[in-house]
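A.B. asks: Sharing run_29.json here; it has JSON, C-alpha atoms and all ligand atoms.
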[["chain", "number", "residue", "atom", "x", "y", "z"],
["A", 1, "MET", "CA", 92.56, 139.11, 105.39],
["A", 2, "LYS", "CA", 92.16, 136.37, 102.86],
["A", 3, "PRO", "CA", 95.27, 134.46, 101.88],
["A", 4, "LEU", "CA", 96.61, 135.78, 98.63],
["A", 5, "ASP", "CA", 96.21, 132.56, 96.70],
["A", 6, "GLU", "CA", 92.54, 132.35, 97.59],
["A", 7, "ALA", "CA", 91.93, 135.89, 96.41],
["A", 8, "LEU", "CA", 93.82, 135.35, 93.20],
["A", 9, "ASP", "CA", 92.80, 131.88, 92.25],
["A", 10, "PRO", "CA", 89.82, 130.45, 94.12],
["A", 11, "PRO", "CA", 89.26, 127.57, 91.68],
["A", 12, "LEU", "CA", 92.77, 126.24, 92.31],
["A", 13, "LYS", "CA", 92.36, 126.55, 96.06],
["A", 14, "HIS", "CA", 89.05, 124.74, 95.78],
["A", 15, "ARG", "CA", 90.58, 121.95, 93.76],
["A", 16, "MET", "CA", 93.36, 121.52, 96.29],
["A", 17, "ASN", "CA", 90.92, 121.21, 99.19],
["A", 18, "THR", "CA", 88.64, 118.73, 97.52],
["A", 19, "PRO", "CA", 90.71, 116.13, 95.70],
["A", 20, "ARG", "CA", 88.73, 114.11, 93.22],
["A", 21, "THR", "CA", 87.55, 110.74, 94.39],
["A", 22, "PRO", "CA", 89.57, 108.02, 92.72],
["A", 23, "ASP", "CA", 87.65, 105.94, 90.22],
["A", 24, "TYR", "CA", 88.02, 102.52, 91.76],
["A", 25, "LEU", "CA", 86.30, 100.76, 88.87],
["A", 26, "ALA", "CA", 88.06, 102.58, 86.03],
["A", 27, "ALA", "CA", 89.50, 99.35, 84.61],
["A", 28, "TYR", "CA", 86.13, 97.56, 84.31],
["A", 29, "PRO", "CA", 83.58, 97.50, 81.44],
["A", 30, "PRO", "CA", 80.91, 100.26, 81.50],
["A", 31, "ALA", "CA", 78.06, 97.76, 81.97],
["A", 32, "LEU", "CA", 79.58, 96.40, 85.18],
["A", 33, "ARG", "CA", 80.25, 99.90, 86.50],
["A", 34, "GLN", "CA", 76.67, 100.88, 85.77],
["A", 35, "GLN", "CA", 75.38, 97.81, 87.62],
["A", 36, "VAL", "CA", 77.23, 98.92, 90.75],
["A", 37, "ARG", "CA", 76.01, 102.51, 90.41],
["A", 38, "THR", "CA", 72.43, 101.35, 89.99],
["A", 39, "LEU", "CA", 72.57, 99.09, 93.05],
["A", 40, "ILE", "CA", 73.96, 101.97, 95.12],
["A", 41, "GLU", "CA", 71.40, 104.49, 93.85],
["A", 42, "GLN", "CA", 68.54, 102.11, 94.55],
["A", 43, "GLY", "CA", 69.82, 101.42, 98.06],
["A", 44, "ARG", "CA", 70.26, 97.71, 97.34],
["A", 45, "PHE", "CA", 74.03, 97.50, 97.32],
["A", 46, "ALA", "CA", 74.60, 96.80, 101.04],
["A", 47, "THR", "CA", 72.10, 93.93, 101.14],
["A", 48, "ALA", "CA", 73.53, 92.37, 98.01],
["A", 49, "LEU", "CA", 77.10, 92.52, 99.25],
["A", 50, "CYS", "CA", 76.21, 91.26, 102.74],
["A", 51, "GLN", "CA", 74.43, 88.30, 101.20],
["A", 52, "ARG", "CA", 77.60, 87.34, 99.40],
["A", 53, "TYR", "CA", 79.90, 88.16, 102.32],
["A", 54, "PRO", "CA", 77.92, 87.79, 105.53],
["A", 55, "GLN", "CA", 80.69, 88.19, 108.07],
["A", 56, "SER", "CA", 84.07, 89.63, 108.91],
["A", 57, "HIS", "CA", 87.14, 87.51, 109.60],
["A", 58, "ASP", "CA", 88.75, 87.70, 113.04],
["A", 59, "VAL", "CA", 92.32, 88.54, 112.04],
["A", 60, "ARG", "CA", 92.58, 91.73, 114.12],
["A", 61, "SER", "CA", 96.10, 92.07, 115.52],
["A", 62, "ASP", "CA", 99.37, 92.43, 113.66],
["A", 63, "LYS", "CA", 100.45, 89.10, 115.17],
["A", 64, "ALA", "CA", 97.33, 87.37, 113.85],
["A", 65, "LEU", "CA", 97.93, 89.02, 110.47],
["A", 66, "TYR", "CA", 101.53, 87.80, 110.41],
["A", 67, "ASP", "CA", 100.41, 84.23, 111.09],
["A", 68, "TYR", "CA", 97.72, 84.50, 108.42],
["A", 69, "VAL", "CA", 100.18, 85.77, 105.80],
["A", 70, "GLN", "CA", 102.81, 83.24, 106.80],
["A", 71, "ALA", "CA", 100.34, 80.35, 106.42],
["A", 72, "LEU", "CA", 99.33, 81.46, 102.92],
["A", 73, "LYS", "CA", 102.97, 81.88, 101.98],
["A", 74, "ALA", "CA", 103.85, 78.41, 103.29],
["A", 75, "ASN", "CA", 101.08, 76.94, 101.15],
["A", 76, "HIS", "CA", 101.92, 78.64, 97.89],
["A", 77, "LEU", "CA", 105.23, 80.47, 97.93],
["A", 78, "ARG", "CA", 107.49, 78.51, 100.17],
["A", 79, "SER", "CA", 110.62, 79.43, 98.24],
["A", 80, "ALA", "CA", 109.95, 83.18, 98.06],
["A", 81, "PRO", "CA", 112.11, 85.48, 100.22],
["A", 82, "PRO", "CA", 111.37, 85.35, 103.96],
["A", 83, "LEU", "CA", 108.88, 87.78, 105.44],
["A", 84, "GLY", "CA", 109.93, 90.64, 107.65],
["A", 85, "LYS", "CA", 107.32, 92.70, 109.45],
["A", 86, "VAL", "CA", 103.68, 92.26, 108.58],
["A", 87, "ARG", "CA", 101.19, 94.79, 109.87],
["A", 88, "PHE", "CA", 97.99, 96.73, 109.45],
["A", 89, "ASP", "CA", 98.81, 100.28, 108.42],
["A", 90, "ASN", "CA", 96.35, 103.13, 108.91],
["A", 91, "THR", "CA", 98.53, 105.56, 106.98],
["A", 92, "LEU", "CA", 97.80, 103.78, 103.72],
["A", 93, "HIS", "CA", 95.23, 105.72, 101.83],
["A", 94, "VAL", "CA", 92.94, 103.74, 99.69],
["A", 95, "ILE", "CA", 93.77, 105.21, 96.35],
["A", 96, "ARG", "CA", 94.40, 103.28, 93.21],
["A", 97, "ASN", "CA", 96.58, 100.36, 94.14],
["A", 98, "ALA", "CA", 97.77, 101.60, 97.52],
["A", 99, "LEU", "CA", 95.65, 99.09, 99.36],
["A", 100, "GLY", "CA", 98.71, 97.32, 100.58],
["A", 101, "THR", "CA", 102.44, 97.76, 100.13],
["A", 102, "HIS", "CA", 105.33, 95.45, 99.87],
["A", 103, "THR", "CA", 108.78, 96.70, 100.71],
["A", 104, "ALA", "CA", 112.10, 95.00, 100.43],
["A", 105, "ILE", "CA", 114.44, 95.98, 103.22],
["A", 106, "SER", "CA", 118.04, 94.96, 102.92],
["A", 107, "ARG", "CA", 120.15, 94.73, 106.02],
["A", 108, "VAL", "CA", 123.73, 93.70, 106.39],
["A", 109, "GLN", "CA", 123.75, 90.77, 108.75],
["A", 110, "GLY", "CA", 127.24, 89.54, 109.47],
["A", 111, "SER", "CA", 128.86, 89.18, 106.10],
["A", 112, "ARG", "CA", 125.78, 88.47, 104.04],
["A", 113, "LEU", "CA", 123.06, 90.70, 102.79],
["A", 114, "GLN", "CA", 119.64, 89.43, 103.63],
["A", 115, "ALA", "CA", 116.51, 90.85, 102.06],
["A", 116, "LYS", "CA", 113.50, 90.91, 104.33],
["A", 117, "ARG", "CA", 110.13, 91.68, 102.89],
["A", 118, "GLU", "CA", 107.68, 93.84, 104.79],
["A", 119, "ILE", "CA", 104.01, 93.69, 104.03],
["A", 120, "HIS", "CA", 101.65, 96.46, 105.11],
["A", 121, "ILE", "CA", 97.93, 95.99, 104.73],
["A", 122, "ALA", "CA", 95.53, 98.97, 104.80],
["A", 123, "THR", "CA", 93.54, 99.09, 108.03],
["A", 124, "LEU", "CA", 90.24, 98.88, 106.18],
["A", 125, "PHE", "CA", 90.92, 95.15, 105.75],
["A", 126, "ARG", "CA", 90.89, 94.61, 109.51],
["A", 127, "HIS", "CA", 87.10, 94.61, 109.53],
["A", 128, "ALA", "CA", 86.28, 92.95, 106.27],
["A", 129, "PRO", "CA", 85.23, 89.60, 104.87],
["A", 130, "GLU", "CA", 87.98, 87.02, 104.88],
["A", 131, "GLU", "CA", 87.80, 86.90, 101.08],
["A", 132, "PHE", "CA", 88.86, 90.57, 100.84],
["A", 133, "LEU", "CA", 91.73, 90.08, 103.27],
["A", 134, "ARG", "CA", 92.87, 86.99, 101.39],
["A", 135, "MET", "CA", 92.71, 88.85, 98.08],
["A", 136, "ILE", "CA", 94.97, 91.69, 99.26],
["A", 137, "VAL", "CA", 97.39, 89.35, 101.03],
["A", 138, "VAL", "CA", 97.64, 87.17, 97.92],
["A", 139, "HIS", "CA", 98.31, 90.34, 95.91],
["A", 140, "GLU", "CA", 101.13, 91.44, 98.20],
["A", 141, "LEU", "CA", 102.59, 87.92, 98.38],
["A", 142, "ALA", "CA", 102.62, 87.71, 94.60],
["A", 143, "HIS", "CA", 104.79, 90.83, 94.61],
["A", 144, "LEU", "CA", 107.46, 88.86, 96.45],
["A", 145, "ARG", "CA", 107.97, 87.13, 93.11],
["A", 146, "ILE", "CA", 106.78, 89.60, 90.50],
["A", 147, "ARG", "CA", 107.08, 93.36, 90.69],
["A", 148, "GLU", "CA", 104.82, 94.47, 87.86],
["A", 149, "HIS", "CA", 101.07, 94.00, 87.50],
["A", 150, "ASP", "CA", 101.53, 91.91, 84.38],
["A", 151, "LYS", "CA", 99.90, 88.72, 83.15],
["A", 152, "ALA", "CA", 102.24, 86.45, 85.10],
["A", 153, "PHE", "CA", 101.48, 88.43, 88.24],
["A", 154, "TYR", "CA", 97.72, 87.90, 87.99],
["A", 155, "GLN", "CA", 98.20, 84.25, 87.09],
["A", 156, "LEU", "CA", 100.11, 83.82, 90.33],
["A", 157, "CYS", "CA", 97.31, 85.60, 92.23],
["A", 158, "LEU", "CA", 94.75, 83.27, 90.64],
["A", 159, "HIS", "CA", 96.86, 80.27, 91.48],
["A", 160, "MET", "CA", 96.80, 81.28, 95.15],
["A", 161, "GLU", "CA", 93.15, 82.35, 95.10],
["A", 162, "PRO", "CA", 90.90, 81.31, 92.20],
["A", 163, "GLY", "CA", 88.29, 83.91, 93.23],
["A", 164, "TYR", "CA", 90.87, 86.71, 93.11],
["A", 165, "HIS", "CA", 89.26, 88.78, 90.35],
["A", 166, "GLN", "CA", 85.75, 88.57, 91.81],
["A", 167, "TYR", "CA", 86.97, 89.59, 95.25],
["A", 168, "GLU", "CA", 88.96, 92.51, 93.90],
["A", 169, "PHE", "CA", 85.96, 93.73, 91.92],
["A", 170, "ASP", "CA", 83.64, 93.41, 94.91],
["A", 171, "LEU", "CA", 86.11, 95.24, 97.16],
["A", 172, "ARG", "CA", 86.40, 98.08, 94.65],
["A", 173, "ALA", "CA", 82.61, 98.26, 94.35],
["A", 174, "TYR", "CA", 82.46, 98.47, 98.15],
["A", 175, "LEU", "CA", 84.89, 101.42, 98.09],
["A", 176, "VAL", "CA", 82.66, 103.19, 95.55],
["A", 177, "TYR", "CA", 79.69, 102.59, 97.84],
["A", 178, "ARG", "CA", 81.60, 103.97, 100.85],
["A", 179, "ASP", "CA", 82.68, 107.05, 98.89],
["A", 180, "ALA", "CA", 79.04, 107.63, 98.00],
["A", 181, "GLY", "CA", 78.30, 107.85, 101.75],
["A", 182, "GLY", "CA", 77.36, 104.22, 102.41],
["A", 183, "GLU", "CA", 77.84, 102.87, 105.95],
["A", 184, "ALA", "CA", 80.61, 100.40, 106.83],
["A", 185, "LEU", "CA", 79.21, 96.90, 106.53],
["A", 186, "TRP", "CA", 81.46, 94.80, 108.77],
["A", 187, "GLY", "CA", 82.23, 97.12, 111.68],
["A", 188, "VAL", "CA", 84.35, 100.24, 111.85],
["A", 201, "ZN", "ZN", 100.40, 95.58, 93.39]]
Translate this structure into C-alpha cells?
C.D. replies:
Amino acid sequence: MKPLDEALDPPLKHRMNTPRTPDYLAAYPPALRQQVRTLIEQGRFATALCQRYPQSHDVRSDKALYDYVQALKANHLRSAPPLGKVRFDNTLHVIRNALGTHTAISRVQGSRLQAKREIHIATLFRHAPEEFLRMIVVHELAHLRIREHDKAFYQLCLHMEPGYHQYEFDLRAYLVYRDAGGEALWGV
C-alpha cells in the first residue's frame, strides 16, 4: 500500500525527494552566469578551468590542514583568538555558504574562560587547487574577527588573499559544473 502522503499529495512528496539545486552564482551579474552556462553546455568548461588551475594542492590530512591554516593565521591574523581543532568535514553540504564553518567553543580552564575557535573545511577542498583551499581558509579565518559577511569582512579576505573574489567565483562555477554532471577535475 502506498504511504498516505504519497497518495494524497504526490507533488509535495516529489519536492521533498528532489531538493532544488542551490544557485551557486545567484549573487553574480547575469552576463557572468551566462558565460559559465555557455562554457558548460559547449563542453569547454573543464579545459578552461584546468588551464587556470592545473593541479591540486597536497594538503590532505587534518594535521596538514591545521599547519596550513596556522601558517596563514600567523601571517595575517596573529592577534586573533587561538585556533582549536581544524579539520576536513565530510558532513558539510555544499549549499550556500556552508563550505566551511567556524565555531567558537568556550571551555572553563582553571579560573579563566578561554575561547577556542574550530574551523571545519568541507571535504571537497581536499582535492582542489591550492587557490580554492586558500580562499575558503581565508574566509573562515576572517570570521575569527568579523562575524557578518559585510564590507569589512571582504576587505579582510582581500587583504589576506588579493585573488579572493576570483577564486570564490571560479569555485562556485565549478560547483555549477559538477551539479550539471561534470566530472571531478582534481581527483575524487
Ligand atoms: Zn562566512
A.B. asks: Can I get the residues close to ligand ZN 201 (chain A) as a PyMOL selection string, where close means within 7 Å and we count all atoms listed in the file?
C.D. replies: chain A and resi 97+139-140+143+149
A.B. asks: When you count all atoms listed in the file, which of these residues is closest to Ala128 in chain A: A:Asp170, A:Asp62, A:Asp179, A:Glu148?
C.D. replies: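 Distance minimum relative to Ala128 in chain A lands on A:Asp170.
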A.B. asks: For CA of Tyr174 in chain A and CA of Asp67 in chain A, determine how far apart the two atoms are, in Å to one decimal place.
C.D. replies: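 Spanning CA of Tyr174 in chain A to CA of Asp67 in chain A is a straight-line distance of 26.3 Å.
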A.B. asks: Can you tell me how far CA of Lys63 in chain A sits from CA of Glu161 in chain A, in Å to one decimal?
C.D. replies: 22.4 Å
A.B. asks: Which residue out of A:Gln70, A:Glu130, A:Arg145, A:Ala27 has the minimum interatomic distance to Gln55 in chain A when all atoms listed in the file are used?
C.D. replies: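 Among the listed residues, the smallest separation from Gln55 in chain A belongs to A:Glu130.
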